[in-house]
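Data block for start.txt (compact mmCIF, C-alpha atoms):
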# COMPACT_ATOMS: atom_id res chain seq x y z
CA MET I 211 72.64 -36.43 54.52
CA THR I 212 72.01 -37.39 50.93
CA ASN I 213 68.92 -38.08 48.93
CA SER I 214 69.83 -39.51 45.55
CA SER I 215 66.28 -38.99 44.28
CA SER I 216 66.50 -35.22 44.70
CA PRO I 217 67.74 -33.07 41.82
CA LEU I 218 69.17 -30.63 44.36
CA PRO I 219 72.86 -31.21 45.00
CA TYR I 220 72.70 -30.46 48.70
CA GLN I 221 70.10 -31.56 51.22
CA ASP I 222 68.93 -29.89 54.40
CA THR I 223 66.87 -31.27 57.25
CA LYS I 224 64.26 -28.57 56.62
CA PRO I 225 62.01 -28.55 53.53
CA GLN I 226 62.62 -24.86 52.87
CA GLY I 227 65.35 -22.34 53.54
CA ALA I 228 65.16 -19.33 55.86
CA ALA I 229 64.01 -16.30 53.86
CA ASP I 230 66.15 -13.86 55.85
CA PHE I 231 69.13 -15.26 53.94
CA TYR I 232 67.90 -13.23 50.96
CA PHE I 233 69.02 -10.21 52.97
CA ALA I 234 72.56 -11.57 52.84
CA VAL I 235 72.39 -12.30 49.11
CA ASN I 236 71.29 -8.73 48.43
CA ALA I 237 73.96 -7.36 50.78
CA THR I 238 76.61 -9.51 49.12
CA PHE I 239 75.72 -8.04 45.74
CA ARG I 240 75.91 -4.50 47.12
CA PHE I 241 79.30 -5.23 48.70
CA LEU I 242 80.73 -6.72 45.50
CA LEU I 243 79.38 -3.95 43.31
CA ASN I 244 80.89 -1.33 45.62
CA LYS I 245 84.24 -3.06 46.09
CA LEU I 246 84.85 -4.68 42.71
CA GLY I 247 82.49 -2.89 40.35
CA PRO I 248 79.99 -4.42 37.93
CA ALA I 249 82.64 -6.46 36.13
CA GLY I 250 83.85 -7.99 39.42
CA TRP I 251 80.28 -8.79 40.44
CA ARG I 252 79.62 -10.47 37.09
CA ARG I 253 82.86 -12.44 37.46
CA TYR I 254 81.70 -13.63 40.90
CA LEU I 255 78.43 -14.85 39.43
CA ALA I 256 80.07 -16.54 36.46
CA ASP I 257 82.61 -18.26 38.73
CA MET I 258 79.80 -19.38 41.02
CA GLY I 259 77.85 -20.65 38.04
CA ARG I 260 80.75 -22.73 36.74
CA GLY I 261 82.21 -23.70 40.12
CA TYR I 262 79.71 -23.89 42.94
CA PHE I 263 76.98 -25.16 40.63
CA ALA I 264 79.18 -27.70 38.84
CA PRO I 265 77.24 -30.69 40.28
CA VAL I 266 73.99 -29.29 38.88
CA ASN I 267 75.58 -28.43 35.57
CA ARG I 268 76.70 -32.05 35.23
CA GLN I 269 73.16 -33.22 35.97
CA TRP I 270 71.87 -30.94 33.25
CA GLN I 271 74.52 -32.04 30.77
CA GLU I 272 73.78 -35.70 31.39
CA GLY I 273 70.01 -35.43 31.83
CA GLY I 274 69.21 -32.71 29.32
CA LEU I 275 66.14 -30.53 29.52
CA PRO I 276 64.13 -32.94 31.69
CA ALA I 277 66.85 -32.63 34.31
CA VAL I 278 66.67 -28.85 34.03
CA ALA I 279 62.93 -28.91 34.60
CA ARG I 280 63.24 -31.27 37.58
CA TYR I 281 65.88 -29.07 39.14
CA TRP I 282 63.89 -25.86 38.92
CA ARG I 283 60.75 -27.47 40.32
CA ALA I 284 62.73 -28.78 43.28
CA PHE I 285 64.65 -25.54 43.65
CA PHE I 286 61.61 -23.29 43.93
CA ALA I 287 59.77 -25.77 46.14
CA ALA I 288 62.54 -25.15 48.67
CA GLU I 289 62.38 -21.35 48.40
CA PRO I 290 59.77 -19.87 50.78
CA GLY I 291 57.14 -17.72 49.11
CA ALA I 292 57.94 -18.69 45.51
CA GLU I 293 55.13 -19.03 42.98
CA VAL I 294 56.60 -20.64 39.88
CA ASN I 295 55.43 -22.70 36.94
CA VAL I 296 57.94 -24.77 34.95
CA VAL I 297 56.94 -25.41 31.33
CA GLU I 298 58.69 -28.07 29.24
CA ALA I 299 58.92 -27.92 25.44
CA ALA I 300 60.95 -29.94 22.98
CA ASP I 301 63.84 -27.49 22.74
CA ARG I 302 63.55 -25.48 25.93
CA VAL I 303 62.39 -25.22 29.52
CA GLU I 304 60.69 -22.03 30.61
CA VAL I 305 60.57 -21.09 34.27
CA HIS I 306 57.69 -18.69 34.79
CA VAL I 307 58.26 -16.89 38.06
CA GLN I 308 55.01 -15.29 39.11
CA VAL I 309 56.32 -14.34 42.54
CA CYS I 310 60.07 -14.08 43.06
CA PRO I 311 60.64 -15.14 46.66
CA ALA I 312 63.73 -12.97 47.04
CA ILE I 313 62.21 -9.73 45.79
CA LYS I 314 59.08 -10.42 47.82
CA HIS I 315 61.00 -10.96 51.06
CA LEU I 316 63.40 -8.07 50.52
CA ARG I 317 60.47 -5.73 50.04
CA ALA I 318 58.64 -7.15 53.05
CA GLY I 319 61.78 -6.57 55.10
CA GLY I 320 62.12 -2.99 53.95
CA ARG I 321 65.49 -3.61 52.34
CA GLU I 322 67.06 -1.43 49.67
CA ILE I 323 67.34 -3.85 46.78
CA VAL I 324 70.36 -3.42 44.52
CA ARG I 325 69.02 -2.37 41.13
CA GLU I 326 71.09 -5.06 39.40
CA PHE I 327 69.51 -7.80 41.53
CA CYS I 328 67.40 -9.37 38.77
CA SER I 329 70.22 -9.53 36.22
CA HIS I 330 72.12 -11.84 38.60
CA CYS I 331 69.83 -14.61 37.39
CA TYR I 332 71.03 -14.06 33.83
CA HIS I 333 74.77 -13.84 34.58
CA LEU I 334 74.58 -16.88 36.86
CA GLY I 335 72.11 -18.82 34.72
CA GLN I 336 73.96 -18.31 31.46
CA ALA I 337 77.23 -19.50 33.02
CA ARG I 338 75.46 -22.62 34.32
CA ALA I 339 73.67 -23.25 31.02
CA GLU I 340 76.87 -22.81 29.02
CA ALA I 341 78.65 -25.34 31.22
CA ALA I 342 75.84 -27.79 30.50
CA GLY I 343 75.85 -27.21 26.74
CA LEU I 344 72.70 -25.10 26.85
CA THR I 345 71.86 -21.42 26.63
CA MET I 346 69.80 -19.18 28.89
CA ARG I 347 67.76 -16.04 28.44
CA LEU I 348 65.89 -13.89 30.94
CA ALA I 349 62.96 -11.52 30.46
CA GLY I 350 61.19 -9.41 33.03
CA GLY I 351 62.20 -9.03 36.63
CA ASN I 352 61.39 -6.83 39.61
CA GLY I 353 59.19 -9.52 41.12
CA SER I 354 58.16 -11.69 38.18
CA CYS I 355 60.11 -12.95 35.20
CA ARG I 356 60.69 -15.75 32.71
CA HIS I 357 63.85 -17.83 32.53
CA THR I 358 64.42 -19.85 29.35
CA PHE I 359 66.93 -22.70 29.25
CA ALA I 360 67.26 -24.02 25.72
CA ARG I 361 69.27 -26.26 23.47
CA LEU I 362 71.72 -24.33 21.31
CA GLU I 363 69.82 -25.41 18.21
CA ALA I 364 66.75 -23.58 19.49
CA GLY I 365 68.42 -20.51 18.01
CA LEU I 366 67.39 -18.05 20.68
CA ALA I 367 68.14 -14.40 19.93
CA PRO I 368 71.02 -12.94 21.95
CA GLN I 369 70.13 -11.72 25.42
CA ASP I 370 68.85 -8.17 25.33
CA MET I 371 69.82 -6.75 28.72
CA ALA I 372 67.13 -4.12 28.30
CA GLN I 373 64.62 -6.96 28.67
CA ILE I 374 65.73 -7.43 32.29
CA ALA I 375 64.03 -5.00 34.65
CA GLU I 376 65.91 -3.12 37.32
CA ALA I 377 64.82 -4.10 40.80
CA THR I 378 63.07 -1.54 42.95
CA SER I 379 62.50 -1.64 46.68
CA MET Z 51 68.84 -17.68 40.96
CA ILE Z 52 70.81 -17.79 44.18
CA GLY Z 53 68.51 -19.42 46.70
CA CYS Z 54 68.18 -19.50 50.47
CA TYR Z 55 67.76 -23.28 50.83
CA ASP Z 56 71.47 -23.93 50.24
CA PHE Z 57 72.55 -20.51 51.50
CA CYS Z 58 75.21 -21.79 53.87
CA ALA Z 59 76.93 -23.62 51.05
CA HIS Z 60 77.22 -20.71 48.62
CA TYR Z 61 77.96 -18.35 51.53
CA GLU Z 62 80.94 -20.57 52.41
CA TRP Z 63 81.96 -20.75 48.74
CA THR Z 64 81.84 -16.94 48.68
CA PHE Z 65 84.40 -16.69 51.51
CA ALA Z 66 86.87 -18.71 49.46
CA TRP Z 67 86.15 -16.66 46.33
CA LEU Z 68 86.70 -13.40 48.20
CA GLU Z 69 89.95 -14.66 49.70
CA ARG Z 70 91.28 -15.55 46.25
CA GLU Z 71 90.12 -12.17 44.95
CA GLY Z 72 91.36 -9.87 47.72
CA GLY Z 73 92.93 -11.88 50.49
CA HIS Z 74 91.87 -12.12 54.12
CA ALA Z 75 91.25 -8.36 54.29
CA LEU Z 76 88.44 -8.64 51.76
CA VAL Z 77 86.84 -11.52 53.66
CA ARG Z 78 86.95 -9.49 56.90
CA ALA Z 79 85.51 -6.47 55.11
CA TYR Z 80 82.72 -8.67 53.73
CA TRP Z 81 81.73 -10.01 57.15
CA HIS Z 82 81.72 -6.52 58.62
CA GLU Z 83 80.28 -4.40 55.84
CA ALA Z 84 77.95 -6.80 54.04
CA ILE Z 85 76.80 -8.97 56.92
CA ASN Z 86 77.08 -6.86 60.08
CA LEU Z 87 76.20 -3.45 58.67
CA ASP Z 88 73.81 -4.50 55.91
CA SER Z 89 72.31 -7.99 55.93
CA GLN Z 90 72.02 -8.29 59.71
CA ARG Z 91 71.17 -4.68 60.43
CA HIS Z 92 67.97 -5.87 62.13
CA ALA Z 93 70.13 -7.73 64.66
CA ARG Z 94 72.46 -4.78 64.94
CA ASP Z 95 69.63 -2.34 65.58
CA LEU Z 96 68.10 -4.59 68.25
CA ILE Z 97 71.34 -5.22 70.14
CA MET Z 98 72.59 -1.65 69.88
CA ARG Z 99 69.26 -0.41 71.21
CA GLU Z 100 68.36 -3.07 73.79
CA GLY Z 101 71.58 -4.85 74.75
CA PHE Z 102 70.94 -8.23 76.39
CA ALA Z 103 67.19 -8.02 75.71
CA GLY Z 104 67.92 -7.41 72.03
CA MET Z 105 70.21 -10.44 71.94
CA ALA Z 106 67.41 -12.58 73.33
CA LYS Z 107 64.96 -11.30 70.74
CA TYR Z 108 67.35 -11.74 67.83
CA TRP Z 109 68.87 -15.13 68.63
CA GLY Z 110 65.64 -16.48 70.04
CA HIS Z 111 63.98 -15.86 66.68
CA THR Z 112 66.85 -16.63 64.35
CA LEU Z 113 67.99 -19.86 65.95
CA ALA Z 114 64.42 -21.14 66.17
CA GLU Z 115 63.94 -20.44 62.45
CA GLU Z 116 67.22 -21.98 61.35
CA SER Z 117 67.17 -24.81 63.86
CA PRO Z 118 63.54 -25.82 64.41
CA ASP Z 119 64.69 -28.96 66.21
CA LEU Z 120 66.11 -26.59 68.83
CA GLY Z 121 69.64 -27.87 68.71
CA PHE Z 122 70.70 -24.97 70.93
CA ALA Z 123 70.18 -23.51 74.39
CA ILE Z 124 70.01 -19.88 75.46
CA THR Z 125 70.85 -18.84 79.03
CA GLN Z 126 70.16 -15.34 80.27
CA LYS Z 127 71.52 -13.90 83.50
CA PRO Z 128 71.85 -10.27 84.60
CA ASP Z 129 75.44 -9.94 83.41
CA VAL Z 130 75.75 -12.51 80.67
CA PHE Z 131 73.93 -13.81 77.61
CA ARG Z 132 74.99 -17.31 76.65
CA VAL Z 133 74.29 -19.55 73.65
CA ASP Z 134 75.20 -23.24 73.60
CA MET Z 135 74.99 -24.59 70.08
CA HIS Z 136 74.59 -28.34 70.23
CA ASP Z 137 73.84 -28.88 66.57
CA CYS Z 138 74.64 -25.86 64.42
CA PRO Z 139 72.21 -25.85 61.47
CA SER Z 140 74.67 -23.93 59.34
CA LYS Z 141 77.89 -25.88 59.94
CA GLY Z 142 75.82 -29.05 60.12
CA PHE Z 143 74.54 -28.44 56.60
CA LEU Z 144 78.11 -28.20 55.35
CA ILE Z 145 79.27 -31.30 57.23
CA ARG Z 146 76.33 -33.44 56.10
CA ASN Z 147 76.87 -32.44 52.50
CA GLY Z 148 80.66 -32.71 52.55
CA ILE Z 149 81.24 -29.06 51.67
CA GLN Z 150 84.44 -27.16 52.43
CA GLN Z 151 85.95 -24.48 50.23
CA TYR Z 152 87.07 -22.02 52.94
CA SER Z 153 89.60 -22.70 55.69
CA ASP Z 154 87.28 -22.13 58.69
CA TYR Z 155 83.62 -21.46 58.06
CA CYS Z 156 83.01 -20.98 61.79
CA ASP Z 157 85.03 -17.74 61.72
CA HIS Z 158 82.23 -15.94 59.94
CA CYS Z 159 80.18 -15.69 63.14
CA MET Z 160 82.87 -13.75 64.97
CA GLY Z 161 83.45 -11.93 61.67
CA TRP Z 162 80.14 -10.13 61.87
CA ILE Z 163 79.04 -10.57 65.49
CA GLY Z 164 82.38 -9.37 66.91
CA PRO Z 165 82.30 -5.91 65.28
CA LEU Z 166 78.60 -5.57 66.12
CA LEU Z 167 79.22 -6.32 69.80
CA LYS Z 168 82.21 -4.00 69.92
CA ASP Z 169 80.03 -1.13 68.70
CA ALA Z 170 77.31 -2.14 71.19
CA GLY Z 171 79.75 -2.28 74.13
CA PHE Z 172 80.09 -6.02 74.68
CA VAL Z 173 82.85 -8.64 74.52
CA VAL Z 174 82.79 -12.34 73.73
CA ASP Z 175 84.12 -15.54 75.23
CA HIS Z 176 83.64 -18.25 72.63
CA GLU Z 177 84.79 -21.66 71.52
CA HIS Z 178 83.90 -23.70 68.44
CA ASN Z 179 85.01 -27.24 67.71
CA HIS Z 180 84.51 -27.28 63.90
CA CYS Z 181 82.00 -30.13 64.25
CA GLY Z 182 78.83 -28.07 64.68
CA GLN Z 183 79.16 -27.34 68.39
CA CYS Z 184 80.10 -24.03 69.98
CA TRP Z 185 79.31 -21.77 72.90
CA TRP Z 186 79.20 -18.00 73.38
CA GLU Z 187 79.15 -15.83 76.49
CA LEU Z 188 78.51 -12.16 75.83
CA ARG Z 189 79.30 -9.68 78.59
CA ARG Z 190 79.54 -5.92 78.86
CA ALA Z 191 82.89 -4.47 77.83
CA GLY Z 192 85.04 -4.02 80.92
CA ASP Z 193 83.57 -7.05 82.68
CA THR Z 194 86.57 -8.90 84.07
CA THR Z 195 84.76 -12.13 84.94
CA PRO Z 196 87.12 -14.98 84.07
CA VAL Z 197 85.96 -17.34 81.41
CA THR Z 198 83.55 -19.68 83.13
CA PRO Z 199 84.15 -23.40 83.60
CA ALA Z 200 81.80 -25.91 82.02
CA GLY Z 201 78.35 -25.80 83.56
CA ALA Z 202 78.88 -22.60 85.56
CA THR Z 203 76.50 -20.51 83.46
CA ALA Z 204 74.30 -22.97 81.57
CA GLY Z 205 74.34 -25.99 83.86
CA GLU Z 206 73.75 -29.27 82.11
CA LYS Z 207 72.93 -27.45 78.86
CA ASP Z 208 76.60 -26.51 78.50
CA VAL Z 209 77.72 -27.96 75.18
CA ARG Z 210 81.09 -28.88 76.68
CA PHE Z 211 79.40 -31.71 78.58
CA ARG Z 212 78.30 -33.38 75.37
CA PRO Z 213 80.39 -36.26 74.08
CA GLU Z 214 80.39 -34.63 70.64
CA TRP Z 215 82.42 -31.73 72.02
CA THR Z 216 85.57 -33.82 71.95
CA GLN Z 217 84.59 -36.21 69.15
CA PRO Z 218 87.26 -37.38 66.72
CA GLY Z 219 88.09 -34.49 64.41
CA ALA Z 220 87.08 -31.85 66.93
CA LYS Z 221 89.60 -29.04 67.23
CA VAL Z 222 88.75 -26.20 69.52
CA ASP Z 223 89.34 -22.56 68.58
CA ARG Z 224 88.95 -20.03 71.38
CA TYR Z 225 88.24 -16.33 71.83
CA GLU Z 226 88.55 -14.56 75.18
CA LYS Z 227 86.96 -11.13 75.76
CA ALA Z 228 87.26 -10.60 72.03
CA THR Z 229 85.45 -8.69 69.31
CA ASP Z 230 87.83 -9.27 66.40
CA PRO Z 231 87.67 -12.38 64.21
CA ASP Z 232 91.45 -12.52 64.12
CA ASP Z 233 91.78 -12.71 67.92
CA LYS Z 234 91.54 -16.47 67.72
CA ARG Z 235 93.65 -19.01 69.54
CA SER Z 236 93.75 -22.18 67.51
CA ASP Z 237 95.93 -24.06 69.97
CA ALA Z 238 93.17 -24.18 72.53
CA THR Z 239 92.40 -27.21 74.62
CA SER Z 240 89.00 -26.65 76.09
CA ASN Z 241 89.64 -26.56 79.80
CA PHE Z 242 87.36 -23.76 80.89

As C-alpha cells, the full file:
Amino acid sequence: MTNSSSPLPYQDTKPQGAADFYFAVNATFRFLLNKLGPAGWRRYLADMGRGYFAPVNRQWQEGGLPAVARYWRAFFAAEPGAEVNVVEAADRVEVHVQVCPAIKHLRAGGREIVREFCSHCYHLGQARAEAAGLTMRLAGGNGSCRHTFARLEAGLAPQDMAQIAEATS
Amino acid sequence: MIGCYDFCAHYEWTFAWLEREGGHALVRAYWHEAINLDSQRHARDLIMREGFAGMAKYWGHTLAEESPDLGFAITQKPDVFRVDMHDCPSKGFLIRNGIQQYSDYCDHCMGWIGPLLKDAGFVVDHEHNHCGQCWWELRRAGDTTPVTPAGATAGEKDVRFRPEWTQPGAKVDRYEKATDPDDKRSDATSNF
C-alpha cells in the first residue's frame, strides 16, 4: 500500500497506530539502557535516525522546511492522543507538543517511564536533522515540549541537555 | 519521536540492529526481557492468573485493536485456545510497505509468547507462512494431543484452508509443543 501524497514513508490501513505500542518503545529503551548503557542507547537512536528514517531525511533534504512541517503534521495526526501545533517560520519549524501521546499513554497505563524517555526525541531528531542538512533542538518534556528544526544558518545555540526534562511516571 | 503508527517497521528494524550489536542472544533477550516481562506485562499478568480465560481477554482486545477488520479468528474449547490469523496486521504492514531488515520478523511472536506460556504452564503448536497468515494452538503443558489436522479445531475458519496459505512465496515454519523461539522447524510442509 502506498500513498504518494502522504509525507509519511509507510502507510497503514488504519488512520492511527495502537497506543499500547508505546509500552514497547518505553520497554525497549529500558532494555537498551540496562544492556548497553546510555552510550549504546544513544547509538541505537542515532543509527535509527540515519538508517530507518533515511526516506524521511531525503524528503526533508529535498523539500526543506515545508517538508519538515508537512511530515510532523502527518506524523502526529497518526499518533493517538497527540495535541500538537506545527509553526512554520522562515528559518525553522517549531513543533509545539501540548500533549505528548506517549507520555500520556504510559502514565494512563501505569508504566514506569524511563527517565531518559524525553531526550530520545533529541538524539533521534538531531541525527535525522543532520542527515537532512538541518539542526534540531528540544526544550521541555515530561508531557509537553518544543522541537525546533532549523536551517544551519539560523544559528541556534548548542543543545543544552538541562533544557530537556526527565520523564516521570 | 518514535511513534506507534509505524511501530511494526521500527520494531523489525530494531531486531536487525540488536543482532548486529549482540548477535541472536541479544535479540532473544530483547523479546523475553523487554517484550514479555516489560511491555506485555499486562498480557503476562492476565494469562498467568487466568490461563485460557486470560488469553481470550488479551488476544480478543489486542487483535481487535490492531486488526479492526477482524482478519483473525479465535476458537476456544475446554483444552485448547486457538488463533487463526488470516491477515496479520503487523506482518501485513511490513509486506505492503516492502520492509525487511531482519531475517524472520514472525519469530518475534514466539520470542515473547513462548517464554510467557512456559511460565504459565502451556505449550504451543504453531505455523506461520511468512505471508501474513499463521495459526496457534495453546494447550496445557503435558497435553499429549497430537497436532490437529486442518479444520479439526477451528472448522472452516482454519487458516490452512485459505488459498493464501500456500500462495507463491509462502514458506511454512513450524513449532510443536514448543515454548522456545529457537525450536523452529523451517523445513516444514504443512500437512497437519

Checklist line | chain I contacts to chain Z at 8 Å (only C-alpha atoms) as a ChimeraX atom specification | finding: /I:211-212,220-222,226-229,231-238,240-241,254,262,285,288-289,330-331,334-335

Notebook entry, point to check: From the list I:Ala299, I:Ala256, I:Val307, I:Leu243, which residue is nearest Trp282 of chain I when using all atoms listed in the file?
Noted result: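 Of I:Ala299, I:Ala256, I:Val307, I:Leu243, the one nearest Trp282 of chain I is I:Val307, counting all atoms listed in the file.
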
Margin query: Calculated over only C-alpha atoms, which of the candidates I:Gln373, I:Thr378, I:Gln308, I:Gln271 has the smallest distance to Arg361 of chain I?
Written below: I:Gln271

Notebook entry, point to check: By how many Å are atom CA of Arg317 of chain I and atom CA of Pro165 of chain Z apart?
Noted result: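 Taking atom CA of Arg317 of chain I and atom CA of Pro165 of chain Z, their separation equals 26.6 Å.
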
Notebook entry, point to check: Between I:Ala360, I:Ala337, I:Leu275, I:Val266, which one has atoms that come closest to Arg253 of chain I, using all atoms listed in the file?
Noted result: I:Ala337

Checklist line | Sel. within 7 Å of pt (60.8, -8.5, 34.2), counting all atoms listed in the file, output as a list in words | finding: Ala349, Gly350, Gly351, Asn352, Ser354, Cys355, Gln373, Ile374 and Ala375 of chain I

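Near Lys234 of chain Z, within a cut-off of 8 Å and counting only C-alpha atoms, sit the residues Asp223, Arg224 and Tyr225 of chain Z, with same-chain residues fewer than 4 positions away left out.
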
Check: Quick one: of Z:Ser153, Z:Gln217, Z:Thr194, Z:Ser236, who's nearest to Phe172 of chain Z, counting all atoms listed in the file?
Finding: Z:Thr194

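As for atom CA of Ala377 of chain I and atom CA of Leu242 of chain I, they are spaced 16.8 Å apart.
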
Notebook entry, point to check: Which one is closest to Phe211 of chain Z: Z:Asp134, Z:Glu69, Z:Asp95, Z:Glu100? Count all atoms listed in the file.
Noted result: Z:Asp134

Notebook entry, point to check: What does the distance between atom CA of Glu272 of chain I and atom CA of Pro217 of chain I come to in Å, to one decimal place?
Noted result: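 Distance between the two atoms: 12.3 Å.
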
Checklist line | Nearest residue to Val77 of chain Z from the set Z:Phe65, Z:Phe131, Z:Trp185, Z:Ala220 (distances using only C-alpha atoms) | finding: Z:Phe65

Can you take the partial segment 273-299 of chain I, add N, CA and C atoms, and return it as a PDB file, keeping the file's coordinate frame?
ATOM      1  N   GLY I 273      71.453 -35.173  31.863  1.00  0.00           N
ATOM      2  CA  GLY I 273      70.010 -35.430  31.830  1.00  0.00           C
ATOM      3  C   GLY I 273      69.221 -34.569  30.876  1.00  0.00           C
ATOM      4  N   GLY I 274      69.892 -33.567  30.285  1.00  0.00           N
ATOM      5  CA  GLY I 274      69.210 -32.710  29.320  1.00  0.00           C
ATOM      6  C   GLY I 274      68.085 -31.892  29.937  1.00  0.00           C
ATOM      7  N   LEU I 275      67.191 -31.433  29.075  1.00  0.00           N
ATOM      8  CA  LEU I 275      66.140 -30.530  29.520  1.00  0.00           C
ATOM      9  C   LEU I 275      65.231 -31.116  30.606  1.00  0.00           C
ATOM     10  N   PRO I 276      64.938 -32.420  30.567  1.00  0.00           N
ATOM     11  CA  PRO I 276      64.130 -32.940  31.690  1.00  0.00           C
ATOM     12  C   PRO I 276      64.812 -32.744  33.042  1.00  0.00           C
ATOM     13  N   ALA I 277      66.119 -32.856  33.060  1.00  0.00           N
ATOM     14  CA  ALA I 277      66.850 -32.630  34.310  1.00  0.00           C
ATOM     15  C   ALA I 277      66.784 -31.166  34.723  1.00  0.00           C
ATOM     16  N   VAL I 278      66.805 -30.283  33.736  1.00  0.00           N
ATOM     17  CA  VAL I 278      66.670 -28.850  34.030  1.00  0.00           C
ATOM     18  C   VAL I 278      65.307 -28.573  34.663  1.00  0.00           C
ATOM     19  N   ALA I 279      64.279 -29.138  34.076  1.00  0.00           N
ATOM     20  CA  ALA I 279      62.930 -28.910  34.600  1.00  0.00           C
ATOM     21  C   ALA I 279      62.795 -29.480  36.014  1.00  0.00           C
ATOM     22  N   ARG I 280      63.322 -30.673  36.235  1.00  0.00           N
ATOM     23  CA  ARG I 280      63.240 -31.270  37.580  1.00  0.00           C
ATOM     24  C   ARG I 280      63.946 -30.399  38.608  1.00  0.00           C
ATOM     25  N   TYR I 281      65.106 -29.905  38.213  1.00  0.00           N
ATOM     26  CA  TYR I 281      65.880 -29.070  39.140  1.00  0.00           C
ATOM     27  C   TYR I 281      65.086 -27.832  39.552  1.00  0.00           C
ATOM     28  N   TRP I 282      64.537 -27.130  38.566  1.00  0.00           N
ATOM     29  CA  TRP I 282      63.890 -25.860  38.920  1.00  0.00           C
ATOM     30  C   TRP I 282      62.619 -26.083  39.737  1.00  0.00           C
ATOM     31  N   ARG I 283      61.924 -27.183  39.475  1.00  0.00           N
ATOM     32  CA  ARG I 283      60.750 -27.470  40.320  1.00  0.00           C
ATOM     33  C   ARG I 283      61.185 -27.720  41.764  1.00  0.00           C
ATOM     34  N   ALA I 284      62.236 -28.494  41.922  1.00  0.00           N
ATOM     35  CA  ALA I 284      62.730 -28.780  43.280  1.00  0.00           C
ATOM     36  C   ALA I 284      63.314 -27.523  43.924  1.00  0.00           C
ATOM     37  N   PHE I 285      64.027 -26.748  43.124  1.00  0.00           N
ATOM     38  CA  PHE I 285      64.650 -25.540  43.650  1.00  0.00           C
ATOM     39  C   PHE I 285      63.603 -24.588  44.233  1.00  0.00           C
ATOM     40  N   PHE I 286      62.580 -24.267  43.459  1.00  0.00           N
ATOM     41  CA  PHE I 286      61.610 -23.290  43.930  1.00  0.00           C
ATOM     42  C   PHE I 286      60.696 -23.860  45.007  1.00  0.00           C
ATOM     43  N   ALA I 287      60.547 -25.178  45.044  1.00  0.00           N
ATOM     44  CA  ALA I 287      59.770 -25.770  46.140  1.00  0.00           C
ATOM     45  C   ALA I 287      60.475 -25.549  47.477  1.00  0.00           C
ATOM     46  N   ALA I 288      61.764 -25.345  47.441  1.00  0.00           N
ATOM     47  CA  ALA I 288      62.540 -25.150  48.670  1.00  0.00           C
ATOM     48  C   ALA I 288      62.770 -23.678  48.998  1.00  0.00           C
ATOM     49  N   GLU I 289      62.233 -22.788  48.172  1.00  0.00           N
ATOM     50  CA  GLU I 289      62.380 -21.350  48.400  1.00  0.00           C
ATOM     51  C   GLU I 289      61.061 -20.802  48.939  1.00  0.00           C
ATOM     52  N   PRO I 290      61.033 -20.283  50.156  1.00  0.00           N
ATOM     53  CA  PRO I 290      59.770 -19.870  50.780  1.00  0.00           C
ATOM     54  C   PRO I 290      59.140 -18.681  50.054  1.00  0.00           C
ATOM     55  N   GLY I 291      57.883 -18.837  49.725  1.00  0.00           N
ATOM     56  CA  GLY I 291      57.140 -17.720  49.110  1.00  0.00           C
ATOM     57  C   GLY I 291      57.159 -17.719  47.601  1.00  0.00           C
ATOM     58  N   ALA I 292      57.847 -18.669  46.977  1.00  0.00           N
ATOM     59  CA  ALA I 292      57.940 -18.690  45.510  1.00  0.00           C
ATOM     60  C   ALA I 292      56.631 -19.173  44.898  1.00  0.00           C
ATOM     61  N   GLU I 293      56.248 -18.551  43.807  1.00  0.00           N
ATOM     62  CA  GLU I 293      55.130 -19.030  42.980  1.00  0.00           C
ATOM     63  C   GLU I 293      55.667 -19.145  41.560  1.00  0.00           C
ATOM     64  N   VAL I 294      55.856 -20.384  41.130  1.00  0.00           N
ATOM     65  CA  VAL I 294      56.600 -20.640  39.880  1.00  0.00           C
ATOM     66  C   VAL I 294      55.927 -21.771  39.120  1.00  0.00           C
ATOM     67  N   ASN I 295      55.930 -21.637  37.805  1.00  0.00           N
ATOM     68  CA  ASN I 295      55.430 -22.700  36.940  1.00  0.00           C
ATOM     69  C   ASN I 295      56.547 -23.052  35.949  1.00  0.00           C
ATOM     70  N   VAL I 296      56.880 -24.319  35.861  1.00  0.00           N
ATOM     71  CA  VAL I 296      57.940 -24.770  34.950  1.00  0.00           C
ATOM     72  C   VAL I 296      57.287 -25.452  33.757  1.00  0.00           C
ATOM     73  N   VAL I 297      57.581 -24.927  32.561  1.00  0.00           N
ATOM     74  CA  VAL I 297      56.940 -25.410  31.330  1.00  0.00           C
ATOM     75  C   VAL I 297      57.998 -26.070  30.451  1.00  0.00           C
ATOM     76  N   GLU I 298      57.739 -27.319  30.070  1.00  0.00           N
ATOM     77  CA  GLU I 298      58.690 -28.070  29.240  1.00  0.00           C
ATOM     78  C   GLU I 298      58.238 -28.086  27.783  1.00  0.00           C
ATOM     79  N   ALA I 299      59.168 -27.790  26.875  1.00  0.00           N
ATOM     80  CA  ALA I 299      58.920 -27.920  25.440  1.00  0.00           C
ATOM     81  C   ALA I 299      60.053 -28.756  24.859  1.00  0.00           C
TER      82      ALA I 299
END
